[in-house]
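Participant: What follows is the file query_37.pdb, containing PDB, N, CA, C and O atoms:
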ATOM      1  N   MET A  27     180.592 100.083  51.253
ATOM      2  CA  MET A  27     179.142 100.102  51.353
ATOM      3  C   MET A  27     178.678  99.599  52.717
ATOM      4  O   MET A  27     177.500  99.627  52.996
ATOM      5  N   ASP A  28     179.566  99.089  53.509
ATOM      6  CA  ASP A  28     179.240  98.678  54.874
ATOM      7  C   ASP A  28     178.081  97.694  54.950
ATOM      8  O   ASP A  28     177.200  97.816  55.789
ATOM      9  N   GLY A  29     178.021  96.724  54.048
ATOM     10  CA  GLY A  29     176.961  95.730  54.091
ATOM     11  C   GLY A  29     175.633  96.213  53.546
ATOM     12  O   GLY A  29     174.628  95.540  53.675
ATOM     13  N   ASP A  30     175.601  97.406  52.977
ATOM     14  CA  ASP A  30     174.372  97.961  52.419
ATOM     15  C   ASP A  30     173.987  97.179  51.167
ATOM     16  O   ASP A  30     174.822  96.890  50.320
ATOM     17  N   LYS A  31     172.731  96.835  51.052
ATOM     18  CA  LYS A  31     172.261  96.064  49.907
ATOM     19  C   LYS A  31     172.051  96.984  48.704
ATOM     20  O   LYS A  31     171.518  98.088  48.830
ATOM     21  N   VAL A  32     172.453  96.511  47.537
ATOM     22  CA  VAL A  32     172.256  97.243  46.289
ATOM     23  C   VAL A  32     171.052  96.646  45.570
ATOM     24  O   VAL A  32     170.979  95.431  45.376
ATOM     25  N   LEU A  33     170.113  97.503  45.204
ATOM     26  CA  LEU A  33     168.952  97.073  44.427
ATOM     27  C   LEU A  33     169.186  97.466  42.980
ATOM     28  O   LEU A  33     169.716  98.546  42.694
ATOM     29  N   ARG A  34     168.755  96.611  42.070
ATOM     30  CA  ARG A  34     169.026  96.842  40.650
ATOM     31  C   ARG A  34     167.755  96.647  39.845
ATOM     32  O   ARG A  34     167.061  95.641  39.991
ATOM     33  N   GLY A  35     167.455  97.622  38.989
ATOM     34  CA  GLY A  35     166.306  97.537  38.102
ATOM     35  C   GLY A  35     165.096  98.272  38.634
ATOM     36  O   GLY A  35     164.865  98.344  39.843
ATOM     37  N   SER A  36     164.330  98.809  37.716
ATOM     38  CA  SER A  36     163.145  99.598  38.072
ATOM     39  C   SER A  36     162.152  98.809  38.908
ATOM     40  O   SER A  36     161.610  99.323  39.891
ATOM     41  N   ARG A  37     161.888  97.591  38.526
ATOM     42  CA  ARG A  37     160.879  96.799  39.241
ATOM     43  C   ARG A  37     161.294  96.510  40.682
ATOM     44  O   ARG A  37     160.487  96.629  41.600
ATOM     45  N   GLU A  38     162.548  96.140  40.885
ATOM     46  CA  GLU A  38     163.011  95.828  42.239
ATOM     47  C   GLU A  38     163.019  97.071  43.120
ATOM     48  O   GLU A  38     162.554  97.046  44.258
ATOM     49  N   ILE A  39     163.522  98.168  42.589
ATOM     50  CA  ILE A  39     163.596  99.416  43.350
ATOM     51  C   ILE A  39     162.201  99.930  43.674
ATOM     52  O   ILE A  39     161.901 100.278  44.822
ATOM     53  N   CYS A  40     161.334  99.963  42.685
ATOM     54  CA  CYS A  40     159.987 100.485  42.891
ATOM     55  C   CYS A  40     159.161  99.601  43.813
ATOM     56  O   CYS A  40     158.369 100.102  44.609
ATOM     57  N   ALA A  41     159.340  98.301  43.720
ATOM     58  CA  ALA A  41     158.642  97.407  44.644
ATOM     59  C   ALA A  41     159.082  97.677  46.076
ATOM     60  O   ALA A  41     158.268  97.650  47.008
ATOM     61  N   PHE A  42     160.350  97.970  46.260
ATOM     62  CA  PHE A  42     160.879  98.232  47.598
ATOM     63  C   PHE A  42     160.264  99.494  48.208
ATOM     64  O   PHE A  42     159.938  99.520  49.388
ATOM     65  N   VAL A  43     160.096 100.555  47.402
ATOM     66  CA  VAL A  43     159.573 101.821  47.931
ATOM     67  C   VAL A  43     158.069 101.979  47.732
ATOM     68  O   VAL A  43     157.478 102.935  48.217
ATOM     69  N   GLY A  44     157.449 101.066  46.995
ATOM     70  CA  GLY A  44     155.998 101.091  46.854
ATOM     71  C   GLY A  44     155.447 102.043  45.809
ATOM     72  O   GLY A  44     154.377 102.611  46.001
ATOM     73  N   VAL A  45     156.181 102.228  44.726
ATOM     74  CA  VAL A  45     155.679 103.071  43.641
ATOM     75  C   VAL A  45     155.629 102.257  42.347
ATOM     76  O   VAL A  45     156.252 101.207  42.232
ATOM     77  N   ASN A  46     154.886 102.759  41.376
ATOM     78  CA  ASN A  46     154.723 102.083  40.090
ATOM     79  C   ASN A  46     156.025 102.133  39.307
ATOM     80  O   ASN A  46     156.548 103.209  39.023
ATOM     81  N   TRP A  47     156.524 100.979  38.897
ATOM     82  CA  TRP A  47     157.803 100.921  38.182
ATOM     83  C   TRP A  47     157.747 101.626  36.837
ATOM     84  O   TRP A  47     158.773 102.079  36.330
ATOM     85  N   LYS A  48     156.554 101.762  36.269
ATOM     86  CA  LYS A  48     156.416 102.436  34.979
ATOM     87  C   LYS A  48     156.661 103.946  35.097
ATOM     88  O   LYS A  48     156.855 104.618  34.093
ATOM     89  N   GLU A  49     156.639 104.454  36.322
ATOM     90  CA  GLU A  49     156.858 105.881  36.574
ATOM     91  C   GLU A  49     158.215 106.151  37.216
ATOM     92  O   GLU A  49     158.443 107.213  37.791
ATOM     93  N   MET A  50     159.116 105.208  37.109
ATOM     94  CA  MET A  50     160.428 105.307  37.757
ATOM     95  C   MET A  50     161.153 106.602  37.406
ATOM     96  O   MET A  50     161.623 107.314  38.287
ATOM     97  N   SER A  51     161.260 106.913  36.134
ATOM     98  CA  SER A  51     162.016 108.110  35.734
ATOM     99  C   SER A  51     161.383 109.379  36.272
ATOM    100  O   SER A  51     162.087 110.334  36.608
ATOM    101  N   VAL A  52     160.074 109.408  36.401
ATOM    102  CA  VAL A  52     159.383 110.575  36.969
ATOM    103  C   VAL A  52     159.765 110.737  38.436
ATOM    104  O   VAL A  52     160.051 111.850  38.889
ATOM    105  N   PHE A  53     159.775 109.643  39.173
ATOM    106  CA  PHE A  53     160.145 109.714  40.589
ATOM    107  C   PHE A  53     161.612 110.115  40.763
ATOM    108  O   PHE A  53     161.948 110.870  41.675
ATOM    109  N   VAL A  54     162.475 109.657  39.887
ATOM    110  CA  VAL A  54     163.889 110.035  39.970
ATOM    111  C   VAL A  54     164.056 111.516  39.665
ATOM    112  O   VAL A  54     164.718 112.243  40.411
ATOM    113  N   LYS A  55     163.446 111.989  38.592
ATOM    114  CA  LYS A  55     163.619 113.381  38.158
ATOM    115  C   LYS A  55     162.858 114.379  39.020
ATOM    116  O   LYS A  55     163.386 115.439  39.372
ATOM    117  N   ASN A  56     161.609 114.061  39.368
ATOM    118  CA  ASN A  56     160.746 115.049  40.029
ATOM    119  C   ASN A  56     160.618 114.886  41.534
ATOM    120  O   ASN A  56     160.312 115.846  42.227
ATOM    121  N   GLU A  57     160.814 113.680  42.027
ATOM    122  CA  GLU A  57     160.606 113.426  43.454
ATOM    123  C   GLU A  57     161.894 113.104  44.199
ATOM    124  O   GLU A  57     161.863 112.836  45.396
ATOM    125  N   GLY A  58     163.006 113.101  43.484
ATOM    126  CA  GLY A  58     164.295 112.874  44.139
ATOM    127  C   GLY A  58     164.574 111.447  44.564
ATOM    128  O   GLY A  58     165.390 111.220  45.462
ATOM    129  N   LEU A  59     163.905 110.484  43.940
ATOM    130  CA  LEU A  59     164.181 109.085  44.261
ATOM    131  C   LEU A  59     165.665 108.817  44.016
ATOM    132  O   LEU A  59     166.172 109.051  42.925
ATOM    133  N   PRO A  60     166.380 108.343  45.033
ATOM    134  CA  PRO A  60     167.840 108.189  44.935
ATOM    135  C   PRO A  60     168.268 106.930  44.168
ATOM    136  O   PRO A  60     168.752 105.960  44.736
ATOM    137  N   ALA A  61     168.060 106.971  42.866
ATOM    138  CA  ALA A  61     168.492 105.883  41.990
ATOM    139  C   ALA A  61     169.203 106.513  40.801
ATOM    140  O   ALA A  61     168.928 107.661  40.445
ATOM    141  N   PHE A  62     170.092 105.763  40.200
ATOM    142  CA  PHE A  62     170.867 106.321  39.090
ATOM    143  C   PHE A  62     171.193 105.244  38.076
ATOM    144  O   PHE A  62     171.058 104.047  38.352
ATOM    145  N   ARG A  63     171.602 105.697  36.923
ATOM    146  CA  ARG A  63     172.098 104.809  35.876
ATOM    147  C   ARG A  63     173.533 105.214  35.581
ATOM    148  O   ARG A  63     173.850 106.398  35.521
ATOM    149  N   ILE A  64     174.388 104.241  35.380
ATOM    150  CA  ILE A  64     175.766 104.551  35.032
ATOM    151  C   ILE A  64     175.789 105.021  33.583
ATOM    152  O   ILE A  64     175.302 104.321  32.690
ATOM    153  N   ARG A  65     176.306 106.200  33.379
ATOM    154  CA  ARG A  65     176.351 106.833  32.060
ATOM    155  C   ARG A  65     174.976 106.927  31.417
ATOM    156  O   ARG A  65     174.831 106.859  30.211
ATOM    157  N   GLU A  66     173.945 107.028  32.263
ATOM    158  CA  GLU A  66     172.557 107.160  31.820
ATOM    159  C   GLU A  66     172.093 106.025  30.921
ATOM    160  O   GLU A  66     171.215 106.182  30.085
ATOM    161  N   LYS A  67     172.689 104.835  31.101
ATOM    162  CA  LYS A  67     172.297 103.656  30.333
ATOM    163  C   LYS A  67     172.093 102.485  31.274
ATOM    164  O   LYS A  67     172.606 102.460  32.381
ATOM    165  N   GLY A  68     171.356 101.512  30.807
ATOM    166  CA  GLY A  68     171.182 100.294  31.584
ATOM    167  C   GLY A  68     170.161 100.436  32.683
ATOM    168  O   GLY A  68     169.337 101.343  32.699
ATOM    169  N   ASN A  69     170.235  99.503  33.616
ATOM    170  CA  ASN A  69     169.287  99.459  34.726
ATOM    171  C   ASN A  69     169.592 100.529  35.772
ATOM    172  O   ASN A  69     170.742 100.920  35.965
ATOM    173  N   TYR A  70     168.534 100.940  36.455
ATOM    174  CA  TYR A  70     168.719 101.818  37.604
ATOM    175  C   TYR A  70     169.365 101.021  38.726
ATOM    176  O   TYR A  70     169.156  99.809  38.864
ATOM    177  N   ILE A  71     170.127 101.717  39.558
ATOM    178  CA  ILE A  71     170.802 101.134  40.713
ATOM    179  C   ILE A  71     170.503 102.034  41.910
ATOM    180  O   ILE A  71     170.455 103.263  41.777
ATOM    181  N   ALA A  72     170.302 101.431  43.071
ATOM    182  CA  ALA A  72     170.042 102.220  44.276
ATOM    183  C   ALA A  72     170.505 101.444  45.502
ATOM    184  O   ALA A  72     170.501 100.210  45.509
ATOM    185  N   LEU A  73     170.894 102.173  46.516
ATOM    186  CA  LEU A  73     171.245 101.565  47.791
ATOM    187  C   LEU A  73     170.001 101.494  48.674
ATOM    188  O   LEU A  73     169.238 102.462  48.766
ATOM    189  N   GLN A  74     169.820 100.363  49.308
ATOM    190  CA  GLN A  74     168.653 100.158  50.152
ATOM    191  C   GLN A  74     168.540 101.235  51.232
ATOM    192  O   GLN A  74     167.455 101.750  51.478
ATOM    193  N   SER A  75     169.638 101.596  51.851
ATOM    194  CA  SER A  75     169.594 102.602  52.924
ATOM    195  C   SER A  75     169.147 103.969  52.400
ATOM    196  O   SER A  75     168.416 104.691  53.080
ATOM    197  N   ASP A  76     169.562 104.330  51.180
ATOM    198  CA  ASP A  76     169.120 105.598  50.582
ATOM    199  C   ASP A  76     167.622 105.577  50.314
ATOM    200  O   ASP A  76     166.927 106.580  50.514
ATOM    201  N   LEU A  77     167.132 104.442  49.865
ATOM    202  CA  LEU A  77     165.697 104.320  49.586
ATOM    203  C   LEU A  77     164.869 104.409  50.860
ATOM    204  O   LEU A  77     163.798 105.029  50.873
ATOM    205  N   ILE A  78     165.363 103.820  51.929
ATOM    206  CA  ILE A  78     164.654 103.902  53.210
ATOM    207  C   ILE A  78     164.557 105.350  53.667
ATOM    208  O   ILE A  78     163.491 105.804  54.102
ATOM    209  N   LEU A  79     165.648 106.100  53.560
ATOM    210  CA  LEU A  79     165.616 107.525  53.927
ATOM    211  C   LEU A  79     164.633 108.304  53.060
ATOM    212  O   LEU A  79     163.908 109.165  53.547
ATOM    213  N   TRP A  80     164.588 107.992  51.763
ATOM    214  CA  TRP A  80     163.671 108.666  50.845
ATOM    215  C   TRP A  80     162.215 108.402  51.234
ATOM    216  O   TRP A  80     161.402 109.325  51.258
ATOM    217  N   VAL A  81     161.905 107.155  51.564
ATOM    218  CA  VAL A  81     160.537 106.808  51.967
ATOM    219  C   VAL A  81     160.163 107.547  53.244
ATOM    220  O   VAL A  81     159.050 108.070  53.376
ATOM    221  N   LYS A  82     161.082 107.642  54.179
ATOM    222  CA  LYS A  82     160.801 108.369  55.422
ATOM    223  C   LYS A  82     160.543 109.849  55.153
ATOM    224  O   LYS A  82     159.650 110.447  55.755
ATOM    225  N   LYS A  83     161.304 110.443  54.233
ATOM    226  CA  LYS A  83     161.085 111.850  53.876
ATOM    227  C   LYS A  83     159.714 112.026  53.204
ATOM    228  O   LYS A  83     158.999 112.984  53.478
ATOM    229  N   GLN A  84     159.361 111.100  52.326
ATOM    230  CA  GLN A  84     158.052 111.161  51.677
ATOM    231  C   GLN A  84     156.933 111.046  52.699
ATOM    232  O   GLN A  84     155.930 111.755  52.642
ATOM    233  N   ARG A  85     157.109 110.154  53.648
ATOM    234  CA  ARG A  85     156.125 109.989  54.726
ATOM    235  C   ARG A  85     155.935 111.298  55.486
ATOM    236  O   ARG A  85     154.811 111.723  55.729
ATOM    237  N   ASP A  86     157.045 111.934  55.825
ATOM    238  CA  ASP A  86     156.966 113.176  56.578
ATOM    239  C   ASP A  86     156.274 114.284  55.796
ATOM    240  O   ASP A  86     155.523 115.077  56.350
ATOM    241  N   VAL A  87     156.507 114.333  54.483
ATOM    242  CA  VAL A  87     155.888 115.351  53.629
ATOM    243  C   VAL A  87     154.388 115.111  53.497
ATOM    244  O   VAL A  87     153.592 116.023  53.630
ATOM    245  N   TYR A  88     154.001 113.895  53.217
ATOM    246  CA  TYR A  88     152.618 113.606  52.877
ATOM    247  C   TYR A  88     151.724 113.270  54.060
ATOM    248  O   TYR A  88     150.512 113.168  53.910
ATOM    249  N   MET A  89     152.293 113.127  55.251
ATOM    250  CA  MET A  89     151.466 112.850  56.427
ATOM    251  C   MET A  89     151.264 114.083  57.294
ATOM    252  O   MET A  89     150.882 113.967  58.450
ATOM    253  N   LYS A  90     151.501 115.242  56.734
ATOM    254  CA  LYS A  90     151.288 116.483  57.493
ATOM    255  C   LYS A  90     149.819 116.803  57.594
ATOM    256  O   LYS A  90     149.022 116.540  56.788
TER
END
Do you think you could lay out the structure here as structure tokens?
Facilitator:
Amino acid sequence: MDGDKVLRGSREICAFVGVNWKEMSVFVKNEGLPAFRIREKGNYIALQSDLILWVKKQRDVYMK
């Protein structure tokens, strides 16, 4: 992981990217938020670097 920070849980991940944690599954399924669950159970997990790239892509899409 090269020192990349792992974020765990809907609230932590959503706070990092600035979206409502109650809509986490919508952002994962429809907006490509790079978070996953192991065997589709438990807390979401995401790498900080992946989330930063996702936010930059969202910025580019919505600031046109």
Participant: Apply the PyMOL selection byres (((chain A and resi 36 and name CA) around 10) and name CA) to the structure shown and report the selected residues as a PyMOL selection string.
Facilitator: chain A and resi 33-35+37-42+45-51+61+69-72
Participant: If you run DSSP on the backbone, which residues of chain A are helix (DSSP H, G or I), as a ChimeraX atom specification?
Facilitator: /A:36-43,47-56,64-66,74-88
Participant: Expressed in Å to a single decimal, how great is the separation between atom CA of Leu59 of chain A and atom O of Trp80 of chain A?
Facilitator: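 Computed distance, atom CA of Leu59 of chain A to atom O of Trp80 of chain A, equals 7.5 Å.
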Participant: Select from chain A everything DSSP, run on the backbone, classes as strand (DSSP E), then give the selection as JSON, numbers by chain.
Facilitator: {"A": [32, 33, 34, 71, 72, 73]}
Participant: So how far away is atom N of Ser75 of chain A from atom N of Glu57 of chain A, in Å?
Facilitator: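 Computed distance, atom N of Glu57 of chain A to atom N of Ser75 of chain A, equals 17.9 Å.
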Participant: Report, in Å with one decimal, the straight-line distance from atom N of Lys67 of chain A to atom CA of Arg85 of chain A.
Facilitator: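 Computing the Euclidean distance for atom N of Lys67 of chain A and atom CA of Arg85 of chain A yields 29.3 Å.
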Participant: Go through A:Arg63, A:Gly68, A:Met89, A:Leu73 and flag the residue nearest Asp30 of chain A, using all atoms listed in the file for the distances.
Facilitator: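 Answer, going by the shortest atom-to-atom distance: A:Leu73.
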Participant: Using all atoms listed in the file, pick whichever of A:Gly29, A:Val54, A:Tyr88, A:Pro60 has the shortest atom-to-atom distance to Asp76 of chain A.
Facilitator: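 Of the candidates, the smallest distance to Asp76 of chain A is held by A:Pro60.
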Participant: With 3 Å added on each side, what axis-aligned box encloses every listed atom of segment 70-85 of chain A? Give the centre and edge lengths in Å to one decimal, as AutoDock Vina command-line options.
Facilitator:
--center_x 163.0 --center_y 106.4 --center_z 46.1 --size_x 22.4 --size_y 19.2 --size_z 25.3
Participant: With all heavy atoms as the target, complete segment 65-76 of chain A and hand it back as a CSV table (one decimal), keeping the file's coordinate frame.
Facilitator:
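Writing the result to result-v5.csv gives the following:
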chain,number,residue,atom,x,y,z
A,65,ARG,N,176.3,106.2,33.4
A,65,ARG,CA,176.4,106.8,32.1
A,65,ARG,C,175.0,106.9,31.4
A,65,ARG,O,174.8,106.9,30.2
A,65,ARG,CB,177.3,106.1,31.1
A,65,ARG,CG,178.7,106.2,31.6
A,65,ARG,CD,179.7,105.6,30.6
A,65,ARG,NE,181.0,105.5,31.2
A,65,ARG,CZ,181.7,104.4,31.3
A,65,ARG,NH1,181.2,103.3,30.9
A,65,ARG,NH2,182.9,104.4,31.9
A,66,GLU,N,173.9,107.0,32.3
A,66,GLU,CA,172.6,107.2,31.8
A,66,GLU,C,172.1,106.0,30.9
A,66,GLU,O,171.2,106.2,30.1
A,66,GLU,CB,172.3,108.5,31.1
A,66,GLU,CG,172.6,109.7,32.1
A,66,GLU,CD,172.3,111.0,31.4
A,66,GLU,OE1,171.6,111.1,30.4
A,66,GLU,OE2,172.8,112.0,32.0
A,67,LYS,N,172.7,104.8,31.1
A,67,LYS,CA,172.3,103.7,30.3
A,67,LYS,C,172.1,102.5,31.3
A,67,LYS,O,172.6,102.5,32.4
A,67,LYS,CB,173.4,103.3,29.3
A,67,LYS,CG,173.6,104.3,28.2
A,67,LYS,CD,174.6,103.9,27.2
A,67,LYS,CE,174.8,104.9,26.2
A,67,LYS,NZ,175.8,104.5,25.2
A,68,GLY,N,171.4,101.5,30.8
A,68,GLY,CA,171.2,100.3,31.6
A,68,GLY,C,170.2,100.4,32.7
A,68,GLY,O,169.3,101.3,32.7
A,69,ASN,N,170.2,99.5,33.6
A,69,ASN,CA,169.3,99.5,34.7
A,69,ASN,C,169.6,100.5,35.8
A,69,ASN,O,170.7,100.9,36.0
A,69,ASN,CB,169.3,98.1,35.4
A,69,ASN,CG,168.8,97.0,34.6
A,69,ASN,OD1,167.8,97.2,33.8
A,69,ASN,ND2,169.4,95.8,34.6
A,70,TYR,N,168.5,100.9,36.5
A,70,TYR,CA,168.7,101.8,37.6
A,70,TYR,C,169.4,101.0,38.7
A,70,TYR,O,169.2,99.8,38.9
A,70,TYR,CB,167.4,102.4,38.1
A,70,TYR,CG,166.9,103.5,37.3
A,70,TYR,CD1,165.9,103.4,36.3
A,70,TYR,CD2,167.4,104.8,37.6
A,70,TYR,CE1,165.4,104.5,35.6
A,70,TYR,CE2,166.9,105.9,36.9
A,70,TYR,CZ,165.9,105.7,35.9
A,70,TYR,OH,165.4,106.8,35.2
A,71,ILE,N,170.1,101.7,39.6
A,71,ILE,CA,170.8,101.1,40.7
A,71,ILE,C,170.5,102.0,41.9
A,71,ILE,O,170.5,103.3,41.8
A,71,ILE,CB,172.3,101.1,40.5
A,71,ILE,CG1,172.7,100.2,39.3
A,71,ILE,CG2,173.1,100.6,41.7
A,71,ILE,CD1,174.1,100.4,38.8
A,72,ALA,N,170.3,101.4,43.1
A,72,ALA,CA,170.0,102.2,44.3
A,72,ALA,C,170.5,101.4,45.5
A,72,ALA,O,170.5,100.2,45.5
A,72,ALA,CB,168.6,102.5,44.4
A,73,LEU,N,170.9,102.2,46.5
A,73,LEU,CA,171.2,101.6,47.8
A,73,LEU,C,170.0,101.5,48.7
A,73,LEU,O,169.2,102.5,48.8
A,73,LEU,CB,172.3,102.4,48.5
A,73,LEU,CG,173.7,102.4,47.9
A,73,LEU,CD1,174.6,103.4,48.6
A,73,LEU,CD2,174.3,101.0,47.9
A,74,GLN,N,169.8,100.4,49.3
A,74,GLN,CA,168.7,100.2,50.2
A,74,GLN,C,168.5,101.2,51.2
A,74,GLN,O,167.5,101.8,51.5
A,74,GLN,CB,168.7,98.8,50.8
A,74,GLN,CG,167.5,98.4,51.5
A,74,GLN,CD,167.6,97.0,52.0
A,74,GLN,OE1,168.7,96.4,52.3
A,74,GLN,NE2,166.4,96.3,52.2
A,75,SER,N,169.6,101.6,51.9
A,75,SER,CA,169.6,102.6,52.9
A,75,SER,C,169.1,104.0,52.4
A,75,SER,O,168.4,104.7,53.1
A,75,SER,CB,170.9,102.7,53.6
A,75,SER,OG,171.9,103.1,52.7
A,76,ASP,N,169.6,104.3,51.2
A,76,ASP,CA,169.1,105.6,50.6
A,76,ASP,C,167.6,105.6,50.3
A,76,ASP,O,166.9,106.6,50.5
A,76,ASP,CB,169.9,105.9,49.3
A,76,ASP,CG,171.3,106.2,49.5
A,76,ASP,OD1,171.7,106.5,50.6
A,76,ASP,OD2,172.1,106.1,48.5
